[in-house]
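Source file: start09.cif (mmCIF, C-alpha atoms)
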```cif
data_protein
loop_
_atom_site.label_atom_id
_atom_site.label_comp_id
_atom_site.auth_asym_id
_atom_site.auth_seq_id
_atom_site.Cartn_x
_atom_site.Cartn_y
_atom_site.Cartn_z
CA MET I 1 0.00 0.00 0.00
CA SER I 2 1.22 3.49 -0.91
CA ARG I 3 0.66 6.79 0.86
CA VAL I 4 -1.25 9.19 -1.41
CA VAL I 5 -0.21 12.84 -1.47
CA ILE I 6 -1.47 15.94 -3.25
CA THR I 7 1.15 17.73 -5.35
CA GLY I 8 -0.96 20.01 -7.56
CA MET I 9 -4.33 21.78 -7.48
CA GLY I 10 -6.14 23.81 -10.14
CA ALA I 11 -9.50 25.53 -9.96
CA VAL I 12 -11.99 27.46 -12.11
CA THR I 13 -14.70 28.75 -9.80
CA PRO I 14 -17.26 31.50 -9.16
CA VAL I 15 -14.74 33.21 -6.84
CA GLY I 16 -11.55 32.87 -8.87
CA ASN I 17 -10.11 31.19 -11.95
CA ASP I 18 -6.81 30.13 -10.43
CA THR I 19 -6.10 28.30 -7.18
CA ASP I 20 -4.50 31.19 -5.30
CA SER I 21 -7.25 33.73 -5.99
CA PHE I 22 -9.92 31.07 -5.37
CA LEU I 23 -8.51 30.16 -1.97
CA ASN I 24 -7.77 33.74 -0.96
CA ASN I 25 -11.38 34.66 -1.70
CA ILE I 26 -12.77 31.61 0.10
CA PHE I 27 -10.86 32.26 3.31
CA ALA I 28 -11.81 35.94 3.08
CA GLY I 29 -15.50 35.02 2.87
CA LYS I 30 -16.09 36.43 -0.61
CA ILE I 31 -19.43 35.52 -2.20
CA GLY I 32 -19.39 34.51 -5.88
CA ILE I 33 -23.17 34.63 -6.27
CA ALA I 34 -24.63 37.37 -8.50
CA PRO I 35 -27.52 38.03 -10.92
CA ILE I 36 -27.61 35.56 -13.82
CA THR I 37 -25.95 37.02 -16.93
CA LYS I 38 -25.82 34.05 -19.30
CA PHE I 39 -29.49 34.24 -20.28
CA ASP I 40 -32.77 35.82 -19.26
CA ALA I 41 -33.91 33.67 -16.36
CA SER I 42 -36.93 35.76 -15.39
CA GLU I 43 -39.51 33.14 -16.43
CA THR I 44 -37.90 30.52 -14.16
CA GLY I 45 -38.40 32.61 -11.04
CA ILE I 46 -34.66 32.30 -10.31
CA THR I 47 -32.54 35.43 -10.48
CA VAL I 48 -29.06 34.55 -9.14
CA ALA I 49 -26.38 31.94 -9.77
CA ALA I 50 -22.68 31.45 -9.04
CA GLU I 51 -21.25 31.90 -12.53
CA VAL I 52 -17.58 31.68 -13.47
CA LYS I 53 -16.47 35.22 -14.34
CA ASP I 54 -14.02 36.33 -17.05
CA PHE I 55 -13.02 32.83 -18.11
CA ASP I 56 -10.25 33.02 -20.72
CA VAL I 57 -10.40 29.79 -22.69
CA GLN I 58 -7.27 30.68 -24.65
CA LYS I 59 -5.08 30.90 -21.56
CA ARG I 60 -4.75 27.17 -20.80
CA VAL I 61 -7.16 25.29 -23.07
CA GLY I 62 -6.51 27.00 -26.42
CA LYS I 63 -9.06 28.37 -28.86
CA LYS I 64 -8.75 25.51 -31.37
CA ALA I 65 -9.06 22.78 -28.74
CA ALA I 66 -11.97 24.57 -27.06
CA ARG I 67 -14.07 24.38 -30.23
CA ARG I 68 -14.24 20.63 -29.74
CA MET I 69 -15.33 20.83 -26.09
CA ASP I 70 -18.44 21.70 -24.15
CA LEU I 71 -17.88 24.31 -21.46
CA PHE I 72 -17.66 21.68 -18.71
CA SER I 73 -14.69 20.08 -20.49
CA GLN I 74 -13.08 23.48 -20.99
CA TYR I 75 -13.29 24.14 -17.26
CA ALA I 76 -11.90 20.66 -16.53
CA VAL I 77 -8.93 20.98 -18.89
CA ASP I 78 -8.13 24.50 -17.70
CA SER I 79 -7.99 23.39 -14.05
CA ALA I 80 -6.01 20.27 -14.98
CA VAL I 81 -3.36 22.27 -16.82
CA ALA I 82 -2.96 24.54 -13.78
CA ALA I 83 -2.73 21.56 -11.41
CA VAL I 84 -0.15 19.75 -13.54
CA GLU I 85 1.92 22.93 -13.85
CA GLN I 86 1.92 23.35 -10.08
CA ALA I 87 2.85 19.70 -9.54
CA GLY I 88 5.62 19.79 -12.13
CA ILE I 89 4.49 16.54 -13.74
CA ASN I 90 5.97 15.98 -17.20
CA ALA I 91 7.12 13.25 -19.57
CA ASP I 92 10.61 13.28 -18.08
CA ASN I 93 9.55 12.43 -14.54
CA THR I 94 6.34 10.45 -15.07
CA ASP I 95 5.75 7.47 -17.36
CA SER I 96 2.53 7.70 -19.41
CA TYR I 97 1.58 4.21 -18.28
CA ASP I 98 1.79 5.29 -14.62
CA LEU I 99 -0.44 8.34 -15.19
CA GLY I 100 -4.22 8.01 -15.07
CA VAL I 101 -7.40 10.11 -14.99
CA ILE I 102 -10.61 9.67 -13.02
CA TYR I 103 -12.96 12.63 -13.38
CA GLY I 104 -16.49 13.42 -12.30
CA SER I 105 -19.45 15.38 -13.62
CA GLY I 106 -23.07 15.21 -12.61
CA ILE I 107 -24.54 16.05 -16.01
CA GLY I 108 -21.78 16.69 -18.56
CA GLY I 109 -22.33 18.79 -21.66
CA LEU I 110 -25.74 20.19 -20.83
CA THR I 111 -25.28 23.42 -22.80
CA THR I 112 -24.36 21.44 -25.91
CA ILE I 113 -27.35 19.14 -25.42
CA GLN I 114 -29.71 22.08 -24.99
CA ASN I 115 -28.41 23.97 -28.01
CA GLN I 116 -28.36 20.98 -30.34
CA VAL I 117 -31.88 19.84 -29.41
CA ILE I 118 -33.10 23.38 -30.15
CA LYS I 119 -31.26 23.30 -33.48
CA MET I 120 -32.79 19.93 -34.38
CA TYR I 121 -36.33 21.20 -33.76
CA THR I 122 -35.88 24.60 -35.42
CA LYS I 123 -33.61 23.72 -38.38
CA GLY I 124 -33.96 19.97 -38.81
CA PRO I 125 -31.86 16.90 -37.89
CA GLU I 126 -29.37 17.47 -40.70
CA ARG I 127 -28.19 20.63 -38.94
CA VAL I 128 -27.19 18.82 -35.75
CA SER I 129 -23.46 19.17 -35.24
CA PRO I 130 -21.26 16.11 -35.85
CA MET I 131 -19.53 17.11 -32.61
CA PHE I 132 -22.76 16.90 -30.61
CA VAL I 133 -22.08 13.48 -29.09
CA PRO I 134 -18.30 13.77 -28.59
CA THR I 135 -18.67 17.11 -26.80
CA SER I 136 -21.71 16.35 -24.64
CA ILE I 137 -20.98 12.91 -23.18
CA VAL I 138 -19.86 12.93 -19.54
CA ASN I 139 -16.59 11.05 -20.02
CA MET I 140 -15.12 13.73 -22.26
CA ALA I 141 -13.69 15.78 -19.39
CA ALA I 142 -11.59 12.73 -18.49
CA GLY I 143 -10.87 11.94 -22.13
CA ASN I 144 -9.71 15.45 -22.99
CA ILE I 145 -7.46 15.61 -19.92
CA ALA I 146 -5.93 12.22 -20.76
CA MET I 147 -5.24 13.30 -24.34
CA ARG I 148 -3.70 16.58 -23.20
CA PHE I 149 -1.24 14.81 -20.88
CA LYS I 150 -0.85 11.43 -22.66
CA ALA I 151 -2.22 9.62 -19.60
CA LYS I 152 -2.36 5.92 -20.54
CA ASN I 153 -3.25 4.33 -17.20
CA ILE I 154 -6.92 4.10 -16.21
CA CYS I 155 -9.13 6.82 -17.70
CA THR I 156 -12.72 6.80 -16.56
CA ALA I 157 -15.63 9.02 -15.56
CA ILE I 158 -17.70 9.02 -12.38
CA VAL I 159 -21.36 10.11 -12.43
CA THR I 160 -22.93 10.12 -8.99
CA ALA I 161 -24.80 13.43 -9.15
CA CYS I 162 -23.47 15.87 -6.55
CA SER I 163 -21.06 13.26 -5.17
CA SER I 164 -19.28 12.83 -8.52
CA GLY I 165 -16.18 14.93 -7.77
CA THR I 166 -15.63 13.34 -4.36
CA ASN I 167 -16.18 9.82 -5.68
CA ALA I 168 -13.74 10.52 -8.52
CA ILE I 169 -11.04 11.68 -6.11
CA GLY I 170 -11.70 8.73 -3.81
CA GLU I 171 -11.43 6.21 -6.62
CA ALA I 172 -8.24 7.90 -7.87
CA TYR I 173 -6.84 7.73 -4.34
CA ARG I 174 -7.50 3.98 -4.29
CA GLN I 175 -5.73 3.48 -7.63
CA ILE I 176 -2.53 4.89 -6.15
CA LYS I 177 -2.93 3.40 -2.69
CA GLU I 178 -3.28 -0.06 -4.24
CA ASN I 179 -0.29 0.51 -6.57
CA ARG I 180 -2.26 0.48 -9.83
CA ALA I 181 -0.96 3.95 -10.76
CA GLN I 182 1.70 6.37 -9.58
CA VAL I 183 0.01 9.66 -10.52
CA MET I 184 -3.68 10.45 -11.01
CA LEU I 185 -5.39 13.56 -12.35
CA THR I 186 -8.78 13.76 -10.69
CA GLY I 187 -11.62 16.09 -9.81
CA GLY I 188 -14.90 17.26 -11.24
CA ALA I 189 -16.42 19.77 -13.65
CA GLU I 190 -19.89 21.17 -14.26
CA ALA I 191 -21.41 23.85 -16.50
CA SER I 192 -25.16 23.81 -15.92
CA VAL I 193 -25.94 27.52 -15.56
CA ASN I 194 -28.16 27.55 -18.64
CA GLU I 195 -31.87 27.61 -19.43
CA ILE I 196 -32.58 23.90 -19.03
CA GLY I 197 -30.32 23.51 -16.00
CA ILE I 198 -31.92 26.34 -14.06
CA ALA I 199 -35.44 25.46 -15.23
CA GLY I 200 -34.99 21.80 -14.32
CA PHE I 201 -33.78 22.38 -10.79
CA ALA I 202 -36.32 25.19 -10.32
CA ALA I 203 -39.08 22.73 -11.25
CA LEU I 204 -37.83 20.50 -8.43
CA THR I 205 -38.18 23.52 -6.08
CA ALA I 206 -34.54 22.90 -5.13
CA LEU I 207 -33.24 26.39 -6.00
CA SER I 208 -33.38 29.49 -3.85
CA LYS I 209 -35.63 32.24 -5.23
CA GLU I 210 -33.84 34.87 -3.16
CA SER I 211 -32.63 37.79 -5.28
CA ASP I 212 -30.11 39.15 -2.77
CA PRO I 213 -26.80 37.32 -3.43
CA ALA I 214 -25.80 37.72 0.22
CA ARG I 215 -28.96 35.91 1.38
CA ALA I 216 -29.37 33.36 -1.40
CA SER I 217 -27.22 30.50 -0.10
CA LEU I 218 -27.57 30.08 3.67
CA PRO I 219 -26.37 26.62 4.75
CA PHE I 220 -27.61 25.56 8.20
CA ASP I 221 -29.50 28.87 8.66
CA GLN I 222 -33.12 28.83 9.78
CA GLU I 223 -34.03 31.03 6.79
CA ARG I 224 -32.34 28.89 4.13
CA SER I 225 -34.52 28.45 1.05
CA GLY I 226 -32.66 26.19 -1.38
CA PHE I 227 -29.36 26.01 -3.20
CA VAL I 228 -27.79 28.37 -5.72
CA MET I 229 -26.55 26.85 -8.98
CA GLY I 230 -22.81 27.14 -9.47
CA GLU I 231 -20.35 26.12 -12.17
CA GLY I 232 -16.66 25.43 -12.62
CA ALA I 233 -14.08 22.71 -12.05
CA ALA I 234 -11.18 21.65 -9.90
CA THR I 235 -8.39 19.15 -10.52
CA LEU I 236 -6.03 17.56 -8.03
CA VAL I 237 -2.77 15.81 -8.87
CA LEU I 238 -2.54 12.78 -6.59
CA GLU I 239 0.73 10.93 -6.38
CA SER I 240 2.33 8.10 -4.47
CA TRP I 241 4.62 9.45 -1.81
CA GLU I 242 7.53 7.48 -3.26
CA HIS I 243 7.03 8.95 -6.73
CA ALA I 244 6.69 12.49 -5.37
CA GLN I 245 9.73 12.05 -3.13
CA LYS I 246 11.85 10.70 -5.96
CA ARG I 247 11.27 13.77 -8.13
CA GLY I 248 11.48 16.26 -5.26
CA ALA I 249 7.90 17.48 -5.49
CA LYS I 250 6.38 19.91 -2.99
CA ILE I 251 3.62 18.11 -1.10
CA LEU I 252 0.45 20.07 -0.34
CA GLY I 253 -1.43 17.49 1.70
CA GLU I 254 -2.33 13.84 2.04
CA ILE I 255 -5.51 11.84 1.47
CA VAL I 256 -5.82 9.12 4.06
CA GLY I 257 -9.37 7.79 3.78
CA TYR I 258 -12.43 7.44 1.55
CA GLY I 259 -15.97 6.34 2.28
CA SER I 260 -18.80 5.67 -0.16
CA THR I 261 -22.30 4.45 0.68
CA CYS I 262 -25.88 4.66 -0.54
CA ASP I 263 -29.04 5.67 1.31
CA ALA I 264 -31.22 3.47 -0.95
CA TYR I 265 -34.05 5.71 0.20
CA HIS I 266 -35.31 8.23 -2.40
CA ILE I 267 -34.29 9.61 -5.81
CA THR I 268 -33.75 13.17 -4.55
CA ALA I 269 -34.30 13.34 -0.78
CA PRO I 270 -31.60 12.20 1.65
CA ASP I 271 -32.42 9.67 4.33
CA PRO I 272 -33.58 11.96 7.17
CA SER I 273 -31.94 9.67 9.74
CA GLY I 274 -28.51 10.52 8.33
CA GLU I 275 -27.48 6.87 8.60
CA GLY I 276 -26.02 6.52 5.10
CA ALA I 277 -23.96 9.70 5.28
CA ALA I 278 -22.78 8.72 8.76
CA ARG I 279 -21.52 5.36 7.48
CA ALA I 280 -19.56 7.07 4.70
CA MET I 281 -17.88 9.36 7.26
CA GLN I 282 -17.14 6.37 9.48
CA GLN I 283 -15.59 4.48 6.56
CA ALA I 284 -13.28 7.37 5.65
CA ILE I 285 -12.24 7.88 9.27
CA ALA I 286 -11.63 4.15 9.77
CA GLU I 287 -9.47 3.93 6.64
CA ALA I 288 -7.47 6.88 7.95
CA GLY I 289 -6.78 4.84 11.07
CA ILE I 290 -8.00 7.54 13.44
CA GLU I 291 -10.83 8.22 15.87
CA PRO I 292 -13.61 10.75 15.17
CA ALA I 293 -12.25 12.99 17.94
CA GLN I 294 -9.07 13.51 15.87
CA VAL I 295 -11.04 15.21 13.05
CA GLY I 296 -10.90 18.97 13.56
CA TYR I 297 -12.87 20.24 10.56
CA ILE I 298 -15.67 19.09 8.28
CA ASN I 299 -16.32 20.74 4.92
CA ALA I 300 -20.02 19.93 4.82
CA HIS I 301 -22.09 19.20 1.74
CA GLY I 302 -24.42 21.89 3.16
CA THR I 303 -26.51 22.79 0.13
CA ALA I 304 -28.89 25.11 2.07
CA THR I 305 -31.92 22.95 1.35
CA HIS I 306 -33.95 22.07 4.43
CA ALA I 307 -33.74 18.30 4.04
CA ASN I 308 -30.02 18.14 3.21
CA ASP I 309 -28.71 20.34 6.00
CA ALA I 310 -30.86 18.76 8.70
CA GLY I 311 -29.99 15.23 7.56
CA GLU I 312 -26.28 15.98 7.29
CA ALA I 313 -26.21 17.61 10.73
CA LYS I 314 -27.87 14.51 12.14
CA ALA I 315 -25.28 12.32 10.39
CA ILE I 316 -22.42 14.40 11.82
CA ASN I 317 -23.90 14.01 15.31
CA LEU I 318 -24.22 10.25 14.82
CA VAL I 319 -20.50 10.01 14.09
CA PHE I 320 -19.02 12.68 16.34
CA GLY I 321 -21.62 13.02 19.10
CA ALA I 322 -24.09 15.84 19.73
CA ASP I 323 -21.62 17.64 21.99
CA SER I 324 -18.65 17.38 19.61
CA SER I 325 -16.38 20.38 19.13
CA VAL I 326 -15.53 19.52 15.50
CA LYS I 327 -15.89 22.67 13.40
CA VAL I 328 -18.17 22.64 10.35
CA SER I 329 -18.73 24.98 7.42
CA SER I 330 -20.33 24.83 4.01
CA THR I 331 -18.38 26.82 1.45
CA LYS I 332 -21.40 26.62 -0.85
CA SER I 333 -22.41 29.76 1.00
CA MET I 334 -19.83 31.45 -1.27
CA THR I 335 -19.52 29.26 -4.37
CA GLY I 336 -23.07 28.06 -4.75
CA HIS I 337 -23.52 24.37 -5.56
CA LEU I 338 -21.35 23.13 -8.41
CA LEU I 339 -23.17 19.77 -8.58
CA GLY I 340 -20.63 17.20 -9.81
CA ALA I 341 -17.75 19.65 -9.37
CA ALA I 342 -18.67 20.60 -5.79
CA GLY I 343 -16.65 17.85 -4.12
CA ALA I 344 -13.61 18.72 -6.22
CA ILE I 345 -13.45 22.42 -5.32
CA GLU I 346 -14.23 21.52 -1.73
CA ALA I 347 -11.37 19.01 -1.68
CA VAL I 348 -9.05 21.86 -2.70
CA ILE I 349 -10.48 24.00 0.12
CA THR I 350 -10.16 21.23 2.70
CA ALA I 351 -6.55 20.44 1.77
CA ALA I 352 -5.75 24.16 1.90
CA ALA I 353 -7.43 24.54 5.30
CA LEU I 354 -5.02 21.97 6.72
CA GLU I 355 -2.02 23.52 5.01
CA LYS I 356 -2.96 27.05 6.15
CA GLN I 357 -4.30 25.94 9.55
CA GLU I 358 -7.32 28.11 8.85
CA LEU I 359 -10.98 27.16 8.55
CA PRO I 360 -13.24 28.80 5.93
CA PRO I 361 -16.36 30.57 7.19
CA ASN I 362 -20.00 29.54 6.88
CA VAL I 363 -20.97 32.85 5.25
CA GLY I 364 -24.41 34.44 5.66
CA LEU I 365 -25.43 32.66 8.84
CA THR I 366 -27.55 34.83 11.15
CA GLN I 367 -29.74 32.31 12.97
CA GLN I 368 -28.66 28.68 13.09
CA ASP I 369 -31.50 26.19 12.59
CA PRO I 370 -32.18 24.24 15.82
CA ASP I 371 -32.41 21.12 13.61
CA CYS I 372 -28.78 21.65 12.54
CA GLN I 373 -26.88 21.46 15.82
CA VAL I 374 -23.27 21.43 14.69
CA GLN I 375 -20.37 23.74 15.62
CA LEU I 376 -20.27 26.15 12.67
CA VAL I 377 -17.27 28.26 11.75
CA ARG I 378 -18.19 31.92 12.24
CA ALA I 379 -20.06 33.58 9.39
CA ASP I 380 -18.07 36.80 9.21
CA HIS I 381 -14.57 35.34 8.80
CA GLY I 382 -12.55 32.15 8.96
CA GLU I 383 -10.86 30.83 12.07
CA SER I 384 -7.28 29.87 12.71
CA ALA I 385 -7.05 26.40 14.22
CA GLN I 386 -4.64 23.59 15.02
CA VAL I 387 -6.09 20.84 12.86
CA GLU I 388 -4.36 17.65 11.70
CA TYR I 389 -7.29 15.82 10.08
CA ALA I 390 -10.33 17.04 8.15
CA ILE I 391 -13.08 15.44 6.11
CA SER I 392 -15.12 16.65 3.13
CA ASN I 393 -18.68 15.39 2.56
CA SER I 394 -20.66 15.09 -0.68
CA LEU I 395 -24.23 13.79 -0.88
CA GLY I 396 -25.96 13.27 -4.21
CA PHE I 397 -29.35 12.58 -5.77
CA GLY I 398 -29.90 8.84 -5.87
CA GLY I 399 -28.69 8.51 -2.29
CA HIS I 400 -24.96 8.68 -3.06
CA ASN I 401 -22.76 9.56 -0.08
CA ALA I 402 -19.02 10.15 -0.50
CA VAL I 403 -16.45 11.34 2.03
CA LEU I 404 -12.72 12.05 1.82
CA ALA I 405 -10.38 12.21 4.82
CA PHE I 406 -7.37 14.53 4.60
CA LYS I 407 -4.26 14.84 6.77
CA LYS I 408 -1.99 17.83 7.19
CA TRP I 409 1.25 16.88 5.47
CA SER I 410 4.07 15.61 7.62
CA GLU I 411 6.57 12.89 6.86
#
```
Could I get this structure in the form of structure tokens?
Amino acid sequence: MSRVVITGMGAVTPVGNDTDSFLNNIFAGKIGIAPITKFDASETGITVAAEVKDFDVQKRVGKKAARRMDLFSQYAVDSAVAAVEQAGINADNTDSYDLGVIYGSGIGGLTTIQNQVIKMYTKGPERVSPMFVPTSIVNMAAGNIAMRFKAKNICTAIVTACSSGTNAIGEAYRQIKENRAQVMLTGGAEASVNEIGIAGFAALTALSKESDPARASLPFDQERSGFVMGEGAATLVLESWEHAQKRGAKILGEIVGYGSTCDAYHITAPDPSGEGAARAMQQAIAEAGIEPAQVGYINAHGTATHANDAGEAKAINLVFGADSSVKVSSTKSMTGHLLGAAGAIEAVITAAALEKQELPPNVGLTQQDPDCQVQLVRADHGESAQVEYAISNSLGFGGHNAVLAFKKWSE
């Protein structure tokens, strides 16, 4: 068994299009939610989203390559290029056959699907683009990343709704831990801020109708009213400790555990008992070889829907005890909910929290819901803390629960 370390991180998010600005804004409590600009959403009843701002596709993806990608793949490749650059992975220090990709997305190329269906009905089937299928299918984030970096080990896609990014990272972690690969590029991407994406989730009554960006996403607050759609991607470079050590890489953190369970309860609602999410946390903690009391921070799934936050709080209490001092925050208060990319950007945040010894705030909280009795990080700013272990939770439609356990790096 190999230790699995993080040597690179890249991010395209509603609060920054590179890792440094993203993390600086997260720990400063900056909100990336704003009025929707991509289309006129007035008929949906939804007015705000967490859009990526000022994305320059030429910077890392390239204009020519981008023409053959849906936006979710563009975000994925952009973040992967940044992560690989930070890690210093190249053909001289990493064999193609030791390099793999596992990448997540909840929906994939939804903008392409929407636009091409409209084209078929308005202009006829002969006008549908020959690139429709290759750009819209979910595995193309992984495929495009693998082609960019000549990754010839495993290359696969994970689709577990809002758990996709976390499941992808967990499965990549296992590939290295079990010596099937030396380096893995992993994470998640989503680009669903479009007419059908907003309309679909609005029809489920899952989205907040609040027009004030500062009050739209309120995880664990008594006045929470639904989640805010976000978009973007994050990629982590995971590496065996031996491989990283051999090439003199800077290590940013370590993944030490992974849990994955199913509620088997309902297609959209979480099990209100929290049992399934609790088991996933217990699995990740057990694989890390620690006790719950050693976990100092939880990056919660915390979507700001009533059922999710109450169920997750109950799950946390099942694992850690109702009187636990473990600190909790949902960074979706700033980024909105990136669906299949949420777990990926939150993995970057959790690893950074351990490296910085600082916990990101649960922004917007004014009155904590009595049904969500967890120790929340203050709403107005982050907190410095001595934390060695942290976990990140993701809970998805279909009952998917995924949890990663992180350790502050030390040899």
- request: Taking the file as shown, find all residues satisfying the PyMOL selection byres ((chain I and resi 172) around 10) and write them as a PyMOL selection string.
  value: chain I and resi 4+100-103+154-156+166-171+173-177+180-181+183-187+236-239
Go ahead and dump the residues you just picked, C-alpha atoms, as a CSV table (one decimal), in the coordinates of the input.
```csv
chain,number,residue,atom,x,y,z
I,4,VAL,CA,-1.2,9.2,-1.4
I,100,GLY,CA,-4.2,8.0,-15.1
I,101,VAL,CA,-7.4,10.1,-15.0
I,102,ILE,CA,-10.6,9.7,-13.0
I,103,TYR,CA,-13.0,12.6,-13.4
I,154,ILE,CA,-6.9,4.1,-16.2
I,155,CYS,CA,-9.1,6.8,-17.7
I,156,THR,CA,-12.7,6.8,-16.6
I,166,THR,CA,-15.6,13.3,-4.4
I,167,ASN,CA,-16.2,9.8,-5.7
I,168,ALA,CA,-13.7,10.5,-8.5
I,169,ILE,CA,-11.0,11.7,-6.1
I,170,GLY,CA,-11.7,8.7,-3.8
I,171,GLU,CA,-11.4,6.2,-6.6
I,173,TYR,CA,-6.8,7.7,-4.3
I,174,ARG,CA,-7.5,4.0,-4.3
I,175,GLN,CA,-5.7,3.5,-7.6
I,176,ILE,CA,-2.5,4.9,-6.2
I,177,LYS,CA,-2.9,3.4,-2.7
I,180,ARG,CA,-2.3,0.5,-9.8
I,181,ALA,CA,-1.0,4.0,-10.8
I,183,VAL,CA,0.0,9.7,-10.5
I,184,MET,CA,-3.7,10.4,-11.0
I,185,LEU,CA,-5.4,13.6,-12.4
I,186,THR,CA,-8.8,13.8,-10.7
I,187,GLY,CA,-11.6,16.1,-9.8
I,236,LEU,CA,-6.0,17.6,-8.0
I,237,VAL,CA,-2.8,15.8,-8.9
I,238,LEU,CA,-2.5,12.8,-6.6
I,239,GLU,CA,0.7,10.9,-6.4
```
query: Any idea what's packed within 9 Å of I:Ala351, counting all atoms listed in the file, ignoring anything in its chain fewer than 5 positions away? Could you give it as JSON, numbers by chain?
result: {"I": [6, 252, 253, 254, 255, 346, 356, 390, 406, 407, 408]}
Requested write-out: C-alpha atoms of the selected residues, as an mmCIF file, in the frame of the given file:
```cif
data_model
loop_
_atom_site.group_PDB
_atom_site.id
_atom_site.type_symbol
_atom_site.label_atom_id
_atom_site.label_comp_id
_atom_site.auth_asym_id
_atom_site.auth_seq_id
_atom_site.Cartn_x
_atom_site.Cartn_y
_atom_site.Cartn_z
ATOM 1 C CA ILE I 6 -1.470 15.940 -3.250
ATOM 2 C CA LEU I 252 0.450 20.070 -0.340
ATOM 3 C CA GLY I 253 -1.430 17.490 1.700
ATOM 4 C CA GLU I 254 -2.330 13.840 2.040
ATOM 5 C CA ILE I 255 -5.510 11.840 1.470
ATOM 6 C CA GLU I 346 -14.230 21.520 -1.730
ATOM 7 C CA LYS I 356 -2.960 27.050 6.150
ATOM 8 C CA ALA I 390 -10.330 17.040 8.150
ATOM 9 C CA PHE I 406 -7.370 14.530 4.600
ATOM 10 C CA LYS I 407 -4.260 14.840 6.770
ATOM 11 C CA LYS I 408 -1.990 17.830 7.190
#
```
- prompt: Which is closest to I:His400 among I:Leu23, I:Ile36, I:Cys162, I:Val15, if we use all atoms listed in the file?
  reply: I:Cys162
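Take the candidates I:Ala269, I:Met281, I:Ala286, I:Ala379 and check each one against I:Leu404 using all atoms listed in the file; the shortest distance goes to I:Met281.
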field: atom CA of I:Pro134 to atom CA of I:Arg67, distance in Å rounded to a single decimal
entry: 11.5 Å
Write out, as JSON lines, each residue of stretch 171-277 of chain I that has an atom at most 7 Å from stretch 339-345 of chain I, together with the closest pair of atoms and their distance in Å to one decimal, counting all atoms listed in the file, rows going by chain and rising number.
```
{"residue": "I:Gly187", "atom": "CA", "partner": "I:Ala344", "partner_atom": "CA", "distance": 4.9}
{"residue": "I:Gly188", "atom": "CA", "partner": "I:Ala341", "partner_atom": "CA", "distance": 4.2}
{"residue": "I:Ala189", "atom": "CA", "partner": "I:Ala341", "partner_atom": "CA", "distance": 4.5}
{"residue": "I:Glu190", "atom": "CA", "partner": "I:Ala341", "partner_atom": "CA", "distance": 5.5}
{"residue": "I:Gly232", "atom": "CA", "partner": "I:Ala341", "partner_atom": "CA", "distance": 6.7}
{"residue": "I:Ala233", "atom": "CA", "partner": "I:Ala341", "partner_atom": "CA", "distance": 5.5}
{"residue": "I:Ala234", "atom": "CA", "partner": "I:Ile345", "partner_atom": "CA", "distance": 5.2}
{"residue": "I:Thr235", "atom": "CA", "partner": "I:Ala344", "partner_atom": "CA", "distance": 6.8}
```
I want to know what sits within 6 Å of stretch 48-60 of chain I, based on only C-alpha atoms, with residues of the same chain fewer than 4 positions away left out; could you give that as a PDB file with C-alpha atoms, in the coordinates of the input?
```pdb
ATOM      1  CA  THR I  13     -14.700  28.750  -9.800  1.00  0.00           C
ATOM      2  CA  PRO I  14     -17.260  31.500  -9.160  1.00  0.00           C
ATOM      3  CA  GLY I  32     -19.390  34.510  -5.880  1.00  0.00           C
ATOM      4  CA  ILE I  33     -23.170  34.630  -6.270  1.00  0.00           C
ATOM      5  CA  ALA I  34     -24.630  37.370  -8.500  1.00  0.00           C
ATOM      6  CA  PRO I  35     -27.520  38.030 -10.920  1.00  0.00           C
ATOM      7  CA  ILE I  36     -27.610  35.560 -13.820  1.00  0.00           C
ATOM      8  CA  ASP I  78      -8.130  24.500 -17.700  1.00  0.00           C
ATOM      9  CA  VAL I 228     -27.790  28.370  -5.720  1.00  0.00           C
ATOM     10  CA  MET I 229     -26.550  26.850  -8.980  1.00  0.00           C
ATOM     11  CA  GLY I 230     -22.810  27.140  -9.470  1.00  0.00           C
ATOM     12  CA  GLU I 231     -20.350  26.120 -12.170  1.00  0.00           C
ATOM     13  CA  GLY I 336     -23.070  28.060  -4.750  1.00  0.00           C
TER      14      GLY I 336
END
```
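Our summary of the geometry notes that atom CA of I:Pro213 is positioned 24.9 Å from atom CA of I:Gly311.
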query: I:Val128: which residues within 10 Å, counting all atoms listed in the file, same-chain residues fewer than 3 positions away excluded, as a PyMOL selection string?
result: chain I and resi 115-121+123-125+131-133
field: Spatial neighbours of I:Ser21, 12 Å, only C-alpha atoms, chain gap at least 6 places, as a ChimeraX atom specification
entry: /I:10-15,27-28,30,349
query: Of the residues I:Ile107, I:Ala203, I:Val138, I:Ala65, which is the one nearest to I:Thr44, using all atoms listed in the file?
result: I:Ala203
Output, as lines of an AutoDock Vina configuration file, the centre and edge lengths in Å (one decimal) of the axis-aligned box that contains all listed atoms of stretch 214-233 of chain I with 4 Å of margin on each side.
```
center_x = -24.3
center_y = 30.2
center_z = -1.4
size_x = 28.4
size_y = 23.0
size_z = 30.4
```
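Relative to atom CA of I:Ser329, atom CA of I:Arg215 is found at 16.1 Å.
The nearest approach to I:Asp20 among the residues I:Ser129, I:Gly104, I:Ala352, I:Val193, with only C-alpha atoms taken into account, belongs to I:Ala352.
The residue set within 8 Å of I:Thr303, counting all atoms listed in the file and dropping same-chain residues fewer than 3 places from it, reads I:Ser217, I:Pro219, I:Gly226, I:Phe227, I:Asn308, I:Asp309, I:Ser330, I:Lys332, I:Gly336, I:His337.
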message: Running the PyMOL selection byres ((chain I and resi 364) around 7) on this model by hand, what would come out? Give it as a ChimeraX atom specification.
response: /I:214-215,218,333,362-363,365-366,379
